[in-house]
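K.L.:
So here's model-v9.csv (CSV, N, CA and C atoms).
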chain,number,residue,atom,x,y,z
A,1,GLN,N,-10.5,-5.0,-5.1
A,1,GLN,CA,-10.6,-5.9,-4.0
A,1,GLN,C,-10.4,-5.1,-2.7
A,2,VAL,N,-11.2,-5.3,-1.7
A,2,VAL,CA,-11.1,-4.7,-0.4
A,2,VAL,C,-11.2,-5.7,0.7
A,3,GLN,N,-10.3,-5.6,1.6
A,3,GLN,CA,-10.3,-6.5,2.8
A,3,GLN,C,-10.7,-5.7,4.0
A,4,LEU,N,-11.6,-6.2,4.8
A,4,LEU,CA,-12.1,-5.5,6.0
A,4,LEU,C,-11.8,-6.2,7.2
A,5,VAL,N,-11.4,-5.5,8.3
A,5,VAL,CA,-11.1,-6.2,9.5
A,5,VAL,C,-11.8,-5.3,10.6
A,6,GLU,N,-12.7,-5.9,11.4
A,6,GLU,CA,-13.4,-5.3,12.4
A,6,GLU,C,-12.6,-5.5,13.8
A,7,SER,N,-12.8,-4.5,14.7
A,7,SER,CA,-12.3,-4.6,16.0
A,7,SER,C,-13.1,-3.8,16.9
A,8,GLY,N,-12.9,-4.0,18.3
A,8,GLY,CA,-13.6,-3.2,19.2
A,8,GLY,C,-14.8,-3.8,19.9
A,9,GLY,N,-15.1,-5.0,19.5
A,9,GLY,CA,-16.2,-5.7,20.2
A,9,GLY,C,-15.8,-6.1,21.6
A,10,GLY,N,-16.8,-6.6,22.4
A,10,GLY,CA,-16.6,-7.1,23.7
A,10,GLY,C,-17.8,-7.2,24.5
A,11,LEU,N,-17.6,-7.3,25.8
A,11,LEU,CA,-18.7,-7.5,26.8
A,11,LEU,C,-18.9,-6.1,27.5
A,12,VAL,N,-20.2,-5.7,27.5
A,12,VAL,CA,-20.5,-4.4,28.2
A,12,VAL,C,-21.8,-4.5,28.9
A,13,GLN,N,-22.0,-3.8,29.9
A,13,GLN,CA,-23.3,-3.8,30.6
A,13,GLN,C,-24.3,-2.9,29.9
A,14,ALA,N,-25.6,-3.3,30.1
A,14,ALA,CA,-26.6,-2.5,29.5
A,14,ALA,C,-26.5,-1.0,29.9
A,15,GLY,N,-26.7,-0.1,28.9
A,15,GLY,CA,-26.5,1.3,29.2
A,15,GLY,C,-25.1,1.8,28.8
A,16,GLY,N,-24.2,0.9,28.6
A,16,GLY,CA,-22.8,1.2,28.3
A,16,GLY,C,-22.6,1.5,26.9
A,17,SER,N,-21.3,1.7,26.5
A,17,SER,CA,-20.9,2.1,25.2
A,17,SER,C,-19.8,1.3,24.6
A,18,LEU,N,-19.7,1.1,23.3
A,18,LEU,CA,-18.6,0.5,22.6
A,18,LEU,C,-18.4,1.3,21.3
A,19,ARG,N,-17.2,1.2,20.9
A,19,ARG,CA,-16.9,1.8,19.6
A,19,ARG,C,-16.2,0.7,18.7
A,20,LEU,N,-16.9,0.4,17.6
A,20,LEU,CA,-16.3,-0.6,16.7
A,20,LEU,C,-15.6,0.2,15.6
A,21,SER,N,-14.5,-0.5,15.2
A,21,SER,CA,-13.7,0.0,14.0
A,21,SER,C,-13.7,-1.0,12.9
A,22,CYS,N,-13.5,-0.5,11.7
A,22,CYS,CA,-13.4,-1.4,10.6
A,22,CYS,C,-12.3,-0.8,9.7
A,23,ALA,N,-11.2,-1.5,9.6
A,23,ALA,CA,-10.0,-1.1,8.8
A,23,ALA,C,-10.1,-1.7,7.5
A,24,ALA,N,-9.9,-0.9,6.4
A,24,ALA,CA,-10.0,-1.4,5.1
A,24,ALA,C,-8.6,-1.4,4.4
A,25,SER,N,-8.3,-2.4,3.6
A,25,SER,CA,-7.1,-2.4,2.9
A,25,SER,C,-7.3,-1.7,1.5
A,26,GLY,N,-6.3,-1.4,0.8
A,26,GLY,CA,-6.5,-0.8,-0.5
A,26,GLY,C,-6.5,0.7,-0.5
A,27,ARG,N,-6.3,1.2,-1.7
A,27,ARG,CA,-6.2,2.7,-1.9
A,27,ARG,C,-7.5,3.3,-2.4
A,28,THR,N,-8.6,2.5,-2.5
A,28,THR,CA,-9.8,3.0,-3.1
A,28,THR,C,-10.9,3.0,-2.0
A,29,PHE,N,-10.6,3.1,-0.8
A,29,PHE,CA,-11.6,3.1,0.3
A,29,PHE,C,-12.6,4.1,0.1
A,30,ASN,N,-12.2,5.3,-0.3
A,30,ASN,CA,-13.1,6.4,-0.4
A,30,ASN,C,-14.1,6.3,-1.6
A,31,SER,N,-14.0,5.3,-2.4
A,31,SER,CA,-14.9,5.0,-3.5
A,31,SER,C,-16.0,4.1,-3.1
A,32,TYR,N,-16.0,3.6,-1.8
A,32,TYR,CA,-17.0,2.7,-1.4
A,32,TYR,C,-18.0,3.3,-0.4
A,33,ALA,N,-19.3,2.9,-0.5
A,33,ALA,CA,-20.2,3.1,0.6
A,33,ALA,C,-19.9,2.1,1.6
A,34,MET,N,-20.1,2.4,2.9
A,34,MET,CA,-19.8,1.4,4.0
A,34,MET,C,-21.0,1.2,4.8
A,35,GLY,N,-21.2,0.0,5.3
A,35,GLY,CA,-22.3,-0.3,6.2
A,35,GLY,C,-21.9,-1.2,7.3
A,36,TRP,N,-22.7,-1.2,8.3
A,36,TRP,CA,-22.6,-2.1,9.5
A,36,TRP,C,-23.9,-3.0,9.5
A,37,PHE,N,-23.7,-4.2,9.7
A,37,PHE,CA,-24.8,-5.2,9.9
A,37,PHE,C,-24.5,-6.0,11.2
A,38,ARG,N,-25.6,-6.7,11.7
A,38,ARG,CA,-25.4,-7.5,12.8
A,38,ARG,C,-26.2,-8.8,12.7
A,39,GLN,N,-25.8,-9.8,13.3
A,39,GLN,CA,-26.5,-11.1,13.3
A,39,GLN,C,-26.4,-11.8,14.6
A,40,ALA,N,-27.6,-12.0,15.2
A,40,ALA,CA,-27.7,-12.7,16.5
A,40,ALA,C,-28.0,-14.1,16.2
A,41,PRO,N,-27.7,-15.0,17.1
A,41,PRO,CA,-27.9,-16.4,16.9
A,41,PRO,C,-29.4,-16.7,16.6
A,42,GLY,N,-29.6,-17.5,15.5
A,42,GLY,CA,-30.9,-17.9,15.1
A,42,GLY,C,-31.7,-16.8,14.4
A,43,LYS,N,-31.1,-15.7,14.1
A,43,LYS,CA,-31.8,-14.5,13.4
A,43,LYS,C,-31.1,-14.2,12.1
A,44,GLU,N,-31.8,-13.5,11.3
A,44,GLU,CA,-31.2,-13.0,10.0
A,44,GLU,C,-30.3,-11.9,10.3
A,45,ARG,N,-29.4,-11.6,9.3
A,45,ARG,CA,-28.5,-10.5,9.3
A,45,ARG,C,-29.4,-9.2,9.2
A,46,GLU,N,-29.1,-8.2,10.1
A,46,GLU,CA,-29.9,-7.0,10.2
A,46,GLU,C,-29.0,-5.8,10.0
A,47,PHE,N,-29.6,-4.9,9.2
A,47,PHE,CA,-28.9,-3.6,8.9
A,47,PHE,C,-28.8,-2.7,10.2
A,48,VAL,N,-27.7,-2.1,10.4
A,48,VAL,CA,-27.5,-1.3,11.6
A,48,VAL,C,-27.2,0.1,11.2
A,49,ALA,N,-26.3,0.4,10.2
A,49,ALA,CA,-26.0,1.7,9.9
A,49,ALA,C,-25.2,1.7,8.6
A,50,ALA,N,-25.2,2.8,7.9
A,50,ALA,CA,-24.5,3.0,6.6
A,50,ALA,C,-24.1,4.4,6.4
A,51,ILE,N,-23.0,4.6,5.6
A,51,ILE,CA,-22.5,5.9,5.3
A,51,ILE,C,-22.1,6.0,3.9
A,52,SER,N,-22.3,7.1,3.2
A,52,SER,CA,-21.9,7.2,1.9
A,52,SER,C,-20.4,7.4,1.7
A,53,GLN,N,-19.9,7.3,0.5
A,53,GLN,CA,-18.5,7.3,0.3
A,53,GLN,C,-17.8,8.6,0.8
A,54,SER,N,-18.6,9.7,0.7
A,54,SER,CA,-18.0,11.0,1.2
A,54,SER,C,-18.2,11.2,2.6
A,55,GLY,N,-19.1,10.4,3.2
A,55,GLY,CA,-19.5,10.6,4.6
A,55,GLY,C,-20.6,11.6,4.8
A,56,GLY,N,-21.1,12.1,3.7
A,56,GLY,CA,-22.1,13.2,3.8
A,56,GLY,C,-23.5,12.7,4.1
A,57,SER,N,-23.8,11.4,3.9
A,57,SER,CA,-25.1,10.8,4.2
A,57,SER,C,-24.9,9.6,5.1
A,58,THR,N,-25.8,9.5,6.1
A,58,THR,CA,-25.8,8.4,6.9
A,58,THR,C,-27.2,7.8,7.1
A,59,TYR,N,-27.3,6.5,7.4
A,59,TYR,CA,-28.6,5.9,7.4
A,59,TYR,C,-28.7,4.9,8.6
A,60,TYR,N,-29.8,4.9,9.3
A,60,TYR,CA,-30.0,4.0,10.5
A,60,TYR,C,-31.4,3.5,10.5
A,61,PRO,N,-31.6,2.3,11.0
A,61,PRO,CA,-33.0,1.8,11.2
A,61,PRO,C,-33.5,2.4,12.5
A,62,TYR,N,-34.8,2.4,12.8
A,62,TYR,CA,-35.3,2.9,14.0
A,62,TYR,C,-34.8,2.3,15.3
A,63,SER,N,-34.4,1.0,15.2
A,63,SER,CA,-34.0,0.3,16.4
A,63,SER,C,-32.7,0.9,17.0
A,64,VAL,N,-31.9,1.6,16.2
A,64,VAL,CA,-30.6,2.1,16.7
A,64,VAL,C,-30.5,3.6,16.6
A,65,ARG,N,-31.4,4.2,15.9
A,65,ARG,CA,-31.3,5.7,15.6
A,65,ARG,C,-31.3,6.5,17.0
A,66,GLY,N,-30.4,7.4,17.0
A,66,GLY,CA,-30.2,8.2,18.3
A,66,GLY,C,-29.3,7.5,19.3
A,67,ARG,N,-28.9,6.3,19.1
A,67,ARG,CA,-28.0,5.6,20.0
A,67,ARG,C,-26.7,5.2,19.3
A,68,PHE,N,-26.8,4.9,18.0
A,68,PHE,CA,-25.6,4.5,17.2
A,68,PHE,C,-25.2,5.7,16.3
A,69,THR,N,-23.9,5.8,16.0
A,69,THR,CA,-23.4,6.8,15.1
A,69,THR,C,-22.3,6.2,14.2
A,70,ILE,N,-22.5,6.2,12.9
A,70,ILE,CA,-21.5,5.8,12.0
A,70,ILE,C,-20.7,6.9,11.5
A,71,SER,N,-19.4,6.7,11.3
A,71,SER,CA,-18.5,7.8,10.8
A,71,SER,C,-17.4,7.1,10.0
A,72,ARG,N,-16.7,7.9,9.2
A,72,ARG,CA,-15.6,7.3,8.5
A,72,ARG,C,-14.4,8.3,8.4
A,73,ASP,N,-13.2,7.8,8.3
A,73,ASP,CA,-12.1,8.6,8.1
A,73,ASP,C,-11.4,8.1,6.9
A,74,ASN,N,-11.6,8.7,5.8
A,74,ASN,CA,-11.0,8.2,4.5
A,74,ASN,C,-9.5,8.3,4.5
A,75,ALA,N,-8.9,9.2,5.2
A,75,ALA,CA,-7.5,9.3,5.3
A,75,ALA,C,-6.9,8.0,6.0
A,76,LYS,N,-7.7,7.4,6.9
A,76,LYS,CA,-7.2,6.3,7.6
A,76,LYS,C,-7.8,5.0,7.1
A,77,ASN,N,-8.6,5.1,6.1
A,77,ASN,CA,-9.3,3.9,5.5
A,77,ASN,C,-10.1,3.1,6.6
A,78,THR,N,-10.8,3.9,7.4
A,78,THR,CA,-11.5,3.3,8.6
A,78,THR,C,-12.9,3.8,8.7
A,79,VAL,N,-13.8,2.9,9.0
A,79,VAL,CA,-15.2,3.3,9.4
A,79,VAL,C,-15.4,2.9,10.8
A,80,TYR,N,-16.2,3.7,11.5
A,80,TYR,CA,-16.5,3.5,12.9
A,80,TYR,C,-17.9,3.3,13.2
A,81,LEU,N,-18.3,2.7,14.3
A,81,LEU,CA,-19.6,2.6,14.8
A,81,LEU,C,-19.6,2.9,16.3
A,82,GLN,N,-20.0,4.1,16.7
A,82,GLN,CA,-20.1,4.4,18.1
A,82,GLN,C,-21.5,3.9,18.6
A,83,MET,N,-21.5,3.1,19.6
A,83,MET,CA,-22.7,2.5,20.1
A,83,MET,C,-22.9,3.0,21.5
A,84,ASN,N,-23.9,3.7,21.8
A,84,ASN,CA,-24.3,4.2,23.1
A,84,ASN,C,-25.6,3.6,23.6
A,85,SER,N,-25.8,3.7,24.9
A,85,SER,CA,-27.1,3.2,25.5
A,85,SER,C,-27.4,1.8,25.0
A,86,LEU,N,-26.4,1.0,25.1
A,86,LEU,CA,-26.5,-0.4,24.6
A,86,LEU,C,-27.6,-1.2,25.4
A,87,LYS,N,-28.3,-2.1,24.7
A,87,LYS,CA,-29.3,-2.9,25.3
A,87,LYS,C,-29.0,-4.4,25.1
A,88,PRO,N,-29.5,-5.2,25.9
A,88,PRO,CA,-29.2,-6.7,25.7
A,88,PRO,C,-29.6,-7.1,24.3
A,89,GLU,N,-30.6,-6.6,23.7
A,89,GLU,CA,-31.0,-7.0,22.3
A,89,GLU,C,-30.0,-6.5,21.3
A,90,ASP,N,-29.0,-5.7,21.6
A,90,ASP,CA,-28.0,-5.3,20.7
A,90,ASP,C,-26.9,-6.4,20.6
A,91,THR,N,-27.0,-7.4,21.4
A,91,THR,CA,-26.0,-8.5,21.4
A,91,THR,C,-26.1,-9.3,20.0
A,92,ALA,N,-24.9,-9.3,19.4
A,92,ALA,CA,-24.8,-10.0,18.1
A,92,ALA,C,-23.4,-9.9,17.6
A,93,VAL,N,-23.1,-10.6,16.5
A,93,VAL,CA,-21.9,-10.4,15.8
A,93,VAL,C,-22.1,-9.2,14.8
A,94,TYR,N,-21.2,-8.3,14.9
A,94,TYR,CA,-21.3,-7.1,14.0
A,94,TYR,C,-20.3,-7.2,12.9
A,95,TYR,N,-20.8,-6.9,11.7
A,95,TYR,CA,-20.0,-7.0,10.5
A,95,TYR,C,-20.0,-5.7,9.8
A,96,CYS,N,-18.8,-5.3,9.2
A,96,CYS,CA,-18.8,-4.2,8.4
A,96,CYS,C,-18.7,-4.6,6.9
A,97,ALA,N,-19.2,-3.8,6.0
A,97,ALA,CA,-19.3,-4.2,4.6
A,97,ALA,C,-19.0,-3.0,3.7
A,98,ALA,N,-18.5,-3.3,2.5
A,98,ALA,CA,-18.2,-2.2,1.6
A,98,ALA,C,-19.1,-2.5,0.3
A,99,GLY,N,-19.7,-1.4,-0.1
A,99,GLY,CA,-20.6,-1.5,-1.3
A,99,GLY,C,-20.3,-0.4,-2.3
A,100,PRO,N,-21.0,-0.5,-3.4
A,100,PRO,CA,-20.7,0.5,-4.5
A,100,PRO,C,-21.2,1.9,-4.2
A,101,ALA,N,-20.5,2.8,-4.8
A,101,ALA,CA,-20.9,4.2,-4.6
A,101,ALA,C,-22.2,4.6,-5.2
A,102,THR,N,-22.8,3.6,-6.0
A,102,THR,CA,-24.1,3.9,-6.6
A,102,THR,C,-25.3,3.7,-5.7
A,103,LEU,N,-25.1,3.2,-4.5
A,103,LEU,CA,-26.2,3.1,-3.6
A,103,LEU,C,-26.9,4.4,-3.4
A,104,ARG,N,-28.3,4.4,-3.5
A,104,ARG,CA,-29.0,5.7,-3.6
A,104,ARG,C,-29.7,6.1,-2.4
A,105,ASP,N,-30.4,5.2,-1.7
A,105,ASP,CA,-31.3,5.7,-0.6
A,105,ASP,C,-31.3,4.6,0.4
A,106,TYR,N,-32.1,4.8,1.5
A,106,TYR,CA,-32.1,3.9,2.6
A,106,TYR,C,-32.4,2.5,2.2
A,107,SER,N,-33.3,2.3,1.3
A,107,SER,CA,-33.7,1.0,0.8
A,107,SER,C,-32.4,0.3,0.2
A,108,ASP,N,-31.6,1.0,-0.5
A,108,ASP,CA,-30.4,0.4,-1.1
A,108,ASP,C,-29.4,0.1,0.0
A,109,TYR,N,-29.1,1.1,0.8
A,109,TYR,CA,-28.1,0.9,1.8
A,109,TYR,C,-28.4,-0.2,2.8
A,110,ALA,N,-29.7,-0.5,3.1
A,110,ALA,CA,-30.1,-1.4,4.1
A,110,ALA,C,-30.1,-2.9,3.6
A,111,LYS,N,-29.9,-3.1,2.3
A,111,LYS,CA,-29.9,-4.5,1.8
A,111,LYS,C,-28.5,-5.1,1.8
A,112,SER,N,-28.3,-6.2,2.5
A,112,SER,CA,-27.0,-6.8,2.6
A,112,SER,C,-26.5,-7.2,1.3
A,113,VAL,N,-27.4,-7.6,0.4
A,113,VAL,CA,-27.0,-8.2,-0.9
A,113,VAL,C,-26.4,-7.1,-1.8
A,114,ARG,N,-26.5,-5.8,-1.4
A,114,ARG,CA,-26.0,-4.7,-2.2
A,114,ARG,C,-24.5,-4.5,-1.9
A,115,TYR,N,-24.0,-5.2,-0.9
A,115,TYR,CA,-22.6,-5.0,-0.5
A,115,TYR,C,-21.7,-6.1,-1.1
A,116,ASP,N,-20.5,-5.7,-1.5
A,116,ASP,CA,-19.6,-6.7,-2.2
A,116,ASP,C,-18.6,-7.3,-1.3
A,117,TYR,N,-18.2,-6.6,-0.2
A,117,TYR,CA,-17.1,-7.1,0.6
A,117,TYR,C,-17.5,-7.1,2.1
A,118,TRP,N,-17.1,-8.1,2.8
A,118,TRP,CA,-17.5,-8.2,4.2
A,118,TRP,C,-16.3,-8.6,5.1
A,119,GLY,N,-16.3,-8.1,6.3
A,119,GLY,CA,-15.3,-8.4,7.3
A,119,GLY,C,-15.7,-9.7,8.0
A,120,GLN,N,-14.9,-10.2,8.9
A,120,GLN,CA,-15.1,-11.5,9.6
A,120,GLN,C,-16.0,-11.3,10.8
A,121,GLY,N,-16.3,-10.1,11.2
A,121,GLY,CA,-17.2,-9.9,12.3
A,121,GLY,C,-16.5,-9.8,13.6
A,122,THR,N,-17.2,-9.0,14.5
A,122,THR,CA,-16.7,-8.9,15.9
A,122,THR,C,-17.9,-9.0,16.9
A,123,GLN,N,-17.7,-9.8,17.9
A,123,GLN,CA,-18.8,-10.1,18.9
A,123,GLN,C,-19.1,-8.9,19.8
A,124,VAL,N,-20.3,-8.6,19.9
A,124,VAL,CA,-20.7,-7.6,20.9
A,124,VAL,C,-21.8,-8.3,21.8
A,125,THR,N,-21.5,-8.3,23.1
A,125,THR,CA,-22.4,-8.9,24.1
A,125,THR,C,-22.8,-7.8,25.1
A,126,VAL,N,-24.1,-7.6,25.3
A,126,VAL,CA,-24.6,-6.7,26.3
A,126,VAL,C,-25.3,-7.4,27.4
A,127,SER,N,-24.8,-7.3,28.6
A,127,SER,CA,-25.4,-8.0,29.7
A,127,SER,C,-26.4,-7.1,30.4
A,128,SER,N,-27.5,-7.7,30.9
A,128,SER,CA,-28.5,-7.0,31.6
A,128,SER,C,-28.3,-6.8,33.1
Let me see the file written as structure tokens.

P.N.:
Amino acid sequence: QVQLVESGGGLVQAGGSLRLSCAASGRTFNSYAMGWFRQAPGKEREFVAAISQSGGSTYYPYSVRGRFTISRDNAKNTVYLQMNSLKPEDTAVYYCAAGPATLRDYSDYAKSVRYDYWGQGTQVTVSS
């Protein structure tokens, strides 16, 4: 069992930056792949970024590649999402999720159904 708590959301102007954190409970954090997803009002949940259990592999959709960076600190049981050059279309509730270490490739990491544990979400609002 893993409990996830996101923080770091808020209101920022377009072009600005935010850093989201997701703190995980439990001693097995480094056995999970971690992902970030987002959901805007009236839209489906969307994949944002993912990182393998070791941190050696990362995955991003084209919409955020080059602007967002996912990282993890297994000693602190925390995964981060650094978001730069934010756009109004990045406005959403951002969720972190923990999934099995068996996730293989982008297709696997990008599917929300492959993740077992979810945080409560943190709101990110980007004003134009």

K.L.:
Considering all atoms listed in the file, return as a PyMOL selection string whatever protein or nucleic-acid residues lie within 6.5 Å of Tyr59 of chain A, sequence-local ones (same chain, fewer than 2 positions apart) excluded.

P.N.:
chain A and resi 48-51+57+61+106

K.L.:
Just to confirm, what's the straight-line distance from atom CA of Arg27 of chain A to atom CA of Arg72 of chain A in Å (one decimal)?

P.N.:
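The value is 14.8 Å.
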
K.L.:
Which residue gives the smallest distance to Phe37 of chain A among A:Leu18, A:Cys96, A:Val2, A:Val12, with only C-alpha atoms counted?

P.N.:
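Closest candidate: A:Cys96.
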
K.L.:
Which residue out of A:Gln13, A:Ser21, A:Ser63, A:Ser107 has the minimum interatomic distance to Ser127 of chain A when only C-alpha atoms are used?

P.N.:
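That would be A:Gln13, the residue with the smallest distance to Ser127 of chain A.
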
K.L.:
Which one is closest to Gly56 of chain A: A:Asn77, A:Ser17, A:Ser71, A:Gln82? Count only C-alpha atoms.

P.N.:
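Ranking A:Asn77, A:Ser17, A:Ser71, A:Gln82 by distance to Gly56 of chain A, first place goes to A:Ser71.
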
K.L.:
Could you check how far atom C of Ala75 of chain A sits from atom C of Arg114 of chain A, in Å to one decimal?

P.N.:
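Going from atom C of Ala75 of chain A over to atom C of Arg114 of chain A covers 23.0 Å.
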
K.L.:
Using only C-alpha atoms, which protein or nucleic acid residues come within 9 Å of Ser31 of chain A? Drop anything in the same chain fewer than 4 positions from it, and give the result as a PyMOL selection string.

P.N.:
chain A and resi 53-54+99-101

K.L.:
Taking the chain letters and numbering used in this document, name the residues of segment 20-114 of chain A that DSSP puts in strand (DSSP E), as a PyMOL selection string.

P.N.:
chain A and resi 20-24+33-39+46-51+58-59+68-73+78-83+92-99

K.L.:
Quick one, how far is atom CA of Ala14 of chain A from atom CA of Gln39 of chain A?

P.N.:
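Separating atom CA of Ala14 of chain A from atom CA of Gln39 of chain A is a distance of 18.3 Å.
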
K.L.:
Write out as a list in words each polymer residue whose atoms come within 8 Å of segment 3-6 of chain A, counting only C-alpha atoms; drop sequence neighbours fewer than 3 positions from it.

P.N.:
Leu20, Ser21, Cys22, Ala23, Ala24, Ser25, Gly26, Tyr95, Cys96, Ala97, Tyr117, Trp118, Gly119, Gln120, Gly121 and Thr122 of chain A

K.L.:
Limited to N, CA and C atoms, could you put the picked residues into a file as a compact mmCIF listing (two decimals), keeping the file's coordinate frame?

P.N.:
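Result file is out_10.txt:
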# COMPACT_ATOMS: atom_id res chain seq x y z
N LEU A 20 -16.90 0.40 17.60
CA LEU A 20 -16.30 -0.60 16.70
C LEU A 20 -15.60 0.20 15.60
N SER A 21 -14.50 -0.50 15.20
CA SER A 21 -13.70 0.00 14.00
C SER A 21 -13.70 -1.00 12.90
N CYS A 22 -13.50 -0.50 11.70
CA CYS A 22 -13.40 -1.40 10.60
C CYS A 22 -12.30 -0.80 9.70
N ALA A 23 -11.20 -1.50 9.60
CA ALA A 23 -10.00 -1.10 8.80
C ALA A 23 -10.10 -1.70 7.50
N ALA A 24 -9.90 -0.90 6.40
CA ALA A 24 -10.00 -1.40 5.10
C ALA A 24 -8.60 -1.40 4.40
N SER A 25 -8.30 -2.40 3.60
CA SER A 25 -7.10 -2.40 2.90
C SER A 25 -7.30 -1.70 1.50
N GLY A 26 -6.30 -1.40 0.80
CA GLY A 26 -6.50 -0.80 -0.50
C GLY A 26 -6.50 0.70 -0.50
N TYR A 95 -20.80 -6.90 11.70
CA TYR A 95 -20.00 -7.00 10.50
C TYR A 95 -20.00 -5.70 9.80
N CYS A 96 -18.80 -5.30 9.20
CA CYS A 96 -18.80 -4.20 8.40
C CYS A 96 -18.70 -4.60 6.90
N ALA A 97 -19.20 -3.80 6.00
CA ALA A 97 -19.30 -4.20 4.60
C ALA A 97 -19.00 -3.00 3.70
N TYR A 117 -18.20 -6.60 -0.20
CA TYR A 117 -17.10 -7.10 0.60
C TYR A 117 -17.50 -7.10 2.10
N TRP A 118 -17.10 -8.10 2.80
CA TRP A 118 -17.50 -8.20 4.20
C TRP A 118 -16.30 -8.60 5.10
N GLY A 119 -16.30 -8.10 6.30
CA GLY A 119 -15.30 -8.40 7.30
C GLY A 119 -15.70 -9.70 8.00
N GLN A 120 -14.90 -10.20 8.90
CA GLN A 120 -15.10 -11.50 9.60
C GLN A 120 -16.00 -11.30 10.80
N GLY A 121 -16.30 -10.10 11.20
CA GLY A 121 -17.20 -9.90 12.30
C GLY A 121 -16.50 -9.80 13.60
N THR A 122 -17.20 -9.00 14.50
CA THR A 122 -16.70 -8.90 15.90
C THR A 122 -17.90 -9.00 16.90

K.L.:
Please give the complete set of residues from segment 29-117 of chain A that DSSP, run on the backbone, assigns to alpha helix (DSSP H), formatted as number ranges by chain.

P.N.:
A: 106-109

K.L.:
For segment 43-46 of chain A, please output as a PDB file with N, CA and C atoms, keeping the file's coordinate frame all residues within 8 Å (counting only N, CA and C atoms; exclusion window: fewer than 5 positions along the same chain).

P.N.:
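Saved as result_0.pdb:
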ATOM      1  N   TRP A  36     -22.700  -1.200   8.300  1.00  0.00           N
ATOM      2  CA  TRP A  36     -22.600  -2.100   9.500  1.00  0.00           C
ATOM      3  C   TRP A  36     -23.900  -3.000   9.500  1.00  0.00           C
ATOM      4  N   PHE A  37     -23.700  -4.200   9.700  1.00  0.00           N
ATOM      5  CA  PHE A  37     -24.800  -5.200   9.900  1.00  0.00           C
ATOM      6  C   PHE A  37     -24.500  -6.000  11.200  1.00  0.00           C
ATOM      7  N   ARG A  38     -25.600  -6.700  11.700  1.00  0.00           N
ATOM      8  CA  ARG A  38     -25.400  -7.500  12.800  1.00  0.00           C
ATOM      9  C   ARG A  38     -26.200  -8.800  12.700  1.00  0.00           C
ATOM     10  N   ALA A 110     -29.700  -0.500   3.100  1.00  0.00           N
ATOM     11  CA  ALA A 110     -30.100  -1.400   4.100  1.00  0.00           C
ATOM     12  C   ALA A 110     -30.100  -2.900   3.600  1.00  0.00           C
ATOM     13  N   SER A 112     -28.300  -6.200   2.500  1.00  0.00           N
ATOM     14  CA  SER A 112     -27.000  -6.800   2.600  1.00  0.00           C
ATOM     15  C   SER A 112     -26.500  -7.200   1.300  1.00  0.00           C
TER      16      SER A 112
END

K.L.:
Missing atoms in segment 35-45 of chain A should be modelled up to N, CA, C and O atoms and reported as a compact mmCIF listing (two decimals), in the coordinates of the input.

P.N.:
# COMPACT_ATOMS: atom_id res chain seq x y z
N GLY A 35 -21.20 0.00 5.30
CA GLY A 35 -22.30 -0.30 6.20
C GLY A 35 -21.90 -1.20 7.30
O GLY A 35 -20.83 -1.88 7.28
N TRP A 36 -22.70 -1.20 8.30
CA TRP A 36 -22.60 -2.10 9.50
C TRP A 36 -23.90 -3.00 9.50
O TRP A 36 -24.99 -2.42 9.43
N PHE A 37 -23.70 -4.20 9.70
CA PHE A 37 -24.80 -5.20 9.90
C PHE A 37 -24.50 -6.00 11.20
O PHE A 37 -23.40 -6.06 11.62
N ARG A 38 -25.60 -6.70 11.70
CA ARG A 38 -25.40 -7.50 12.80
C ARG A 38 -26.20 -8.80 12.70
O ARG A 38 -27.23 -8.78 11.96
N GLN A 39 -25.80 -9.80 13.30
CA GLN A 39 -26.50 -11.10 13.30
C GLN A 39 -26.40 -11.80 14.60
O GLN A 39 -25.35 -12.06 15.12
N ALA A 40 -27.60 -12.00 15.20
CA ALA A 40 -27.70 -12.70 16.50
C ALA A 40 -28.00 -14.10 16.20
O ALA A 40 -28.51 -14.48 15.12
N PRO A 41 -27.70 -15.00 17.10
CA PRO A 41 -27.90 -16.40 16.90
C PRO A 41 -29.40 -16.70 16.60
O PRO A 41 -30.31 -16.24 17.24
N GLY A 42 -29.60 -17.50 15.50
CA GLY A 42 -30.90 -17.90 15.10
C GLY A 42 -31.70 -16.80 14.40
O GLY A 42 -32.88 -16.99 14.07
N LYS A 43 -31.10 -15.70 14.10
CA LYS A 43 -31.80 -14.50 13.40
C LYS A 43 -31.10 -14.20 12.10
O LYS A 43 -29.91 -14.53 11.91
N GLU A 44 -31.80 -13.50 11.30
CA GLU A 44 -31.20 -13.00 10.00
C GLU A 44 -30.30 -11.90 10.30
O GLU A 44 -30.41 -11.15 11.26
N ARG A 45 -29.40 -11.60 9.30
CA ARG A 45 -28.50 -10.50 9.30
C ARG A 45 -29.40 -9.20 9.20
O ARG A 45 -30.27 -9.11 8.40
